[in-house]
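*Asks:* Here you go, one structure.
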Amino acid sequence: MQENPNGVEGRVCNSCKTYKTRDNFSKHKRCKSGLYGICYACNKIKTKAFYEKNKDRLLKKQKQKRNTDEYRKKANKRQSKYRKNNPTKMLWIWAKNKSLKKGIEFNLEEKDIIYTGICPILGIELEIGGEDLNNSPTLDRINPYKGYTKGNVLIISHLANRIKNQGTIDQIRKILEYMEKNEGSK
C-alpha cells in the first residue's frame with residue numbers, strides 16, 4: 001500500500017499510471033498491496049475492448065450454452081425457485097406489464113401487495129408453481145373499472161378470480177340459487 005503526500009492510502013494504476021485511492025480498486029488477495037493492479041475505470045475500458053474484439057466468438061459460445069437442455073433445466077429450476085420465494089414481486093411485475101400493455105392505470109409498489117398464502121374468498125391455501133392452477137395466486141382488481149392502484153388489489157386464487165371475472169353479480173346469484181336448489185338431489 002502506498003501513501004500519497006496527503007496521507008491517503010491507495011496505489012498507482014498499472015494501466016493509466018496515476019495514483020488513485022483504494023476505493024478505485026477491487027480487492028485482490030495475491031497482490032502485495034491487497035488491491036488489484038488496474039483501477040475500475042481502466043479495467044472497464046480493457047474489458048469493453050476485449051468484448052468488442054471477441055464479440056462474435058463470445059456471443060456464439062453463449063448462444064451454444066443457452067441452447068442446451070441442461071442449461072434450460074437449470075434456468076427453469078432457478079426461475080421457479082425465485083417465483084416461489086418472491087410471490088409479491090412476481091405479481092407486481094405481472095400487473096405492471098399488463099397495465100402497460102392494456103393502458104390500465106398503475107401506481108402500485110411491491111409493498112402494497114400483501115400475500116397471506118390463503119385465498120380470502122374461498123379460504124383455500126394458495127400454491128405457487130403447483131400442479132393445480134386453481135390454487136395459484138392472482139392479483140385481482142377489486143373494482144375492475146379502476147386500475148392496479150393502491151387499495152384496489154387483493155391476492156386471491158385463480159379459481160376465485162375466474163368465477164368473479166367471468167360472470168355478472170346476477171349470473172353468480174342464479175348459479176348460487178341453482179346449486180342451493182339442487183344440493184339435495186345428489
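Labels used: A, B, ... for chains in the order of the C-alpha cells, numbers from 1 for residues in each chain, and numbers from 1 for ligands as shown.
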Contacts of A:Ile142 at 6 Å or less, counting only C-alpha atoms, minus same-chain residues fewer than 2 places along, as an NGL selection string?

*Replies:* :A and (140 or 152-153)

*Asks:* Write out as JSON, numbers by chain all residues of stretch 40-168 of chain A that backbone DSSP assigns to strand (DSSP E or B).

*Replies:* {"A": [106, 118, 125, 137, 138, 139, 140, 141, 148, 153, 154, 155, 156, 157]}

*Asks:* Could you find all residues in stretch 85-181 of chain A that DSSP calls helix (DSSP H, G or I) from the backbone, and write them as an MDAnalysis selection string?

*Replies:* chainID A and resid 85 87:102 110:112 133:135 158:166 169:181

*Asks:* Keeping C-alpha atoms, export the residues of the selection given above as an mmCIF file, in the first residue's frame.

*Replies:*
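So selection34.cif came out as:
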data_model
loop_
_atom_site.group_PDB
_atom_site.id
_atom_site.type_symbol
_atom_site.label_atom_id
_atom_site.label_comp_id
_atom_site.auth_asym_id
_atom_site.auth_seq_id
_atom_site.Cartn_x
_atom_site.Cartn_y
_atom_site.Cartn_z
ATOM 1 C CA ASN A 85 -39.685 -17.138 -2.888
ATOM 2 C CA PRO A 87 -44.672 -14.082 -4.918
ATOM 3 C CA THR A 88 -45.484 -10.400 -4.362
ATOM 4 C CA LYS A 89 -42.691 -9.259 -6.660
ATOM 5 C CA MET A 90 -43.858 -11.605 -9.414
ATOM 6 C CA LEU A 91 -47.482 -10.454 -9.084
ATOM 7 C CA TRP A 92 -46.313 -6.810 -9.072
ATOM 8 C CA ILE A 93 -44.249 -7.334 -12.249
ATOM 9 C CA TRP A 94 -47.146 -9.153 -13.940
ATOM 10 C CA ALA A 95 -49.606 -6.365 -13.053
ATOM 11 C CA LYS A 96 -47.202 -3.657 -14.211
ATOM 12 C CA ASN A 97 -46.629 -5.374 -17.560
ATOM 13 C CA LYS A 98 -50.371 -5.945 -18.067
ATOM 14 C CA SER A 99 -51.051 -2.280 -17.230
ATOM 15 C CA LEU A 100 -48.510 -1.068 -19.771
ATOM 16 C CA LYS A 101 -49.805 -3.447 -22.428
ATOM 17 C CA LYS A 102 -53.507 -2.612 -21.955
ATOM 18 C CA GLU A 110 -44.422 -4.031 -4.218
ATOM 19 C CA LYS A 111 -45.117 -3.262 -0.540
ATOM 20 C CA ASP A 112 -48.789 -2.502 -1.416
ATOM 21 C CA LEU A 133 -53.717 -23.903 -11.432
ATOM 22 C CA ASN A 134 -56.906 -23.173 -9.456
ATOM 23 C CA ASN A 135 -54.854 -22.667 -6.275
ATOM 24 C CA HIS A 158 -57.009 -18.230 -9.778
ATOM 25 C CA LEU A 159 -60.311 -20.118 -9.404
ATOM 26 C CA ALA A 160 -61.969 -17.295 -7.427
ATOM 27 C CA ASN A 161 -60.698 -14.744 -9.928
ATOM 28 C CA ARG A 162 -62.130 -16.705 -12.879
ATOM 29 C CA ILE A 163 -65.512 -17.102 -11.180
ATOM 30 C CA LYS A 164 -65.588 -13.405 -10.286
ATOM 31 C CA ASN A 165 -64.419 -12.121 -13.678
ATOM 32 C CA GLN A 166 -66.469 -14.324 -15.973
ATOM 33 C CA ILE A 169 -73.445 -10.493 -9.983
ATOM 34 C CA ASP A 170 -76.856 -11.526 -11.340
ATOM 35 C CA GLN A 171 -75.384 -14.578 -13.108
ATOM 36 C CA ILE A 172 -73.466 -15.629 -9.988
ATOM 37 C CA ARG A 173 -76.698 -15.285 -7.917
ATOM 38 C CA LYS A 174 -78.557 -17.503 -10.415
ATOM 39 C CA ILE A 175 -75.828 -20.147 -10.227
ATOM 40 C CA LEU A 176 -75.976 -19.994 -6.418
ATOM 41 C CA GLU A 177 -79.765 -20.399 -6.446
ATOM 42 C CA TYR A 178 -79.476 -23.331 -8.852
ATOM 43 C CA MET A 179 -76.816 -25.006 -6.730
ATOM 44 C CA GLU A 180 -78.751 -24.471 -3.477
ATOM 45 C CA LYS A 181 -81.937 -25.850 -5.109
#

*Asks:* Which of these, A:Arg11, A:Lys84, A:Lys150, A:Arg66, has the shortest distance to A:Pro137 once you count only C-alpha atoms?

*Replies:* A:Lys84

*Asks:* As an exercise, work out the distance from atom CA of A:Lys20 to atom CA of A:Asn54 in Å and give it to one decimal place.

*Replies:*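 Going from atom CA of A:Lys20 over to atom CA of A:Asn54, I get 29.7 Å.
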
*Asks:* Between atom CA of A:Gln64 and atom CA of A:Tyr82, what distance in Å does the model show, to one decimal?

*Replies:*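 According to the coordinates, atom CA of A:Gln64 and atom CA of A:Tyr82 are separated by 24.5 Å.
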
*Asks:* List as number ranges by chain the protein and nucleic acid residues near A:Leu35, meaning an atom at most 10 Å away when only C-alpha atoms are counted, but skip any in the same chain fewer than 5 places from it.

*Replies:* A: 1, 10-11, 22-30

*Asks:* I need the residue nearest A:Pro120 from this list: A:Ser15, A:Glu183, A:Tyr71, A:Ile155. Use only C-alpha atoms for the distance.

*Replies:*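 Among the listed residues, the smallest separation from A:Pro120 belongs to A:Ile155.
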
*Asks:* Of the candidates A:Ile156, A:Ile104, A:Ile38, A:Leu139, which shows the shortest atom-to-atom distance to A:Leu122, using only C-alpha atoms?

*Replies:* A:Ile156

*Asks:* Between atom CA of A:Thr18 and atom CA of A:Gly37, what is the distance in Å, rounded to a tenth?

*Replies:*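 Between these atoms lies a distance of 11.4 Å.
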
*Asks:* Using only C-alpha atoms, find the one residue out of A:Lys65, A:Leu154, A:Thr168, A:Gly103 that sits nearest to A:Ile121.

*Replies:*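 Looking only at the distances to A:Ile121, the closest residue turns out to be A:Leu154.
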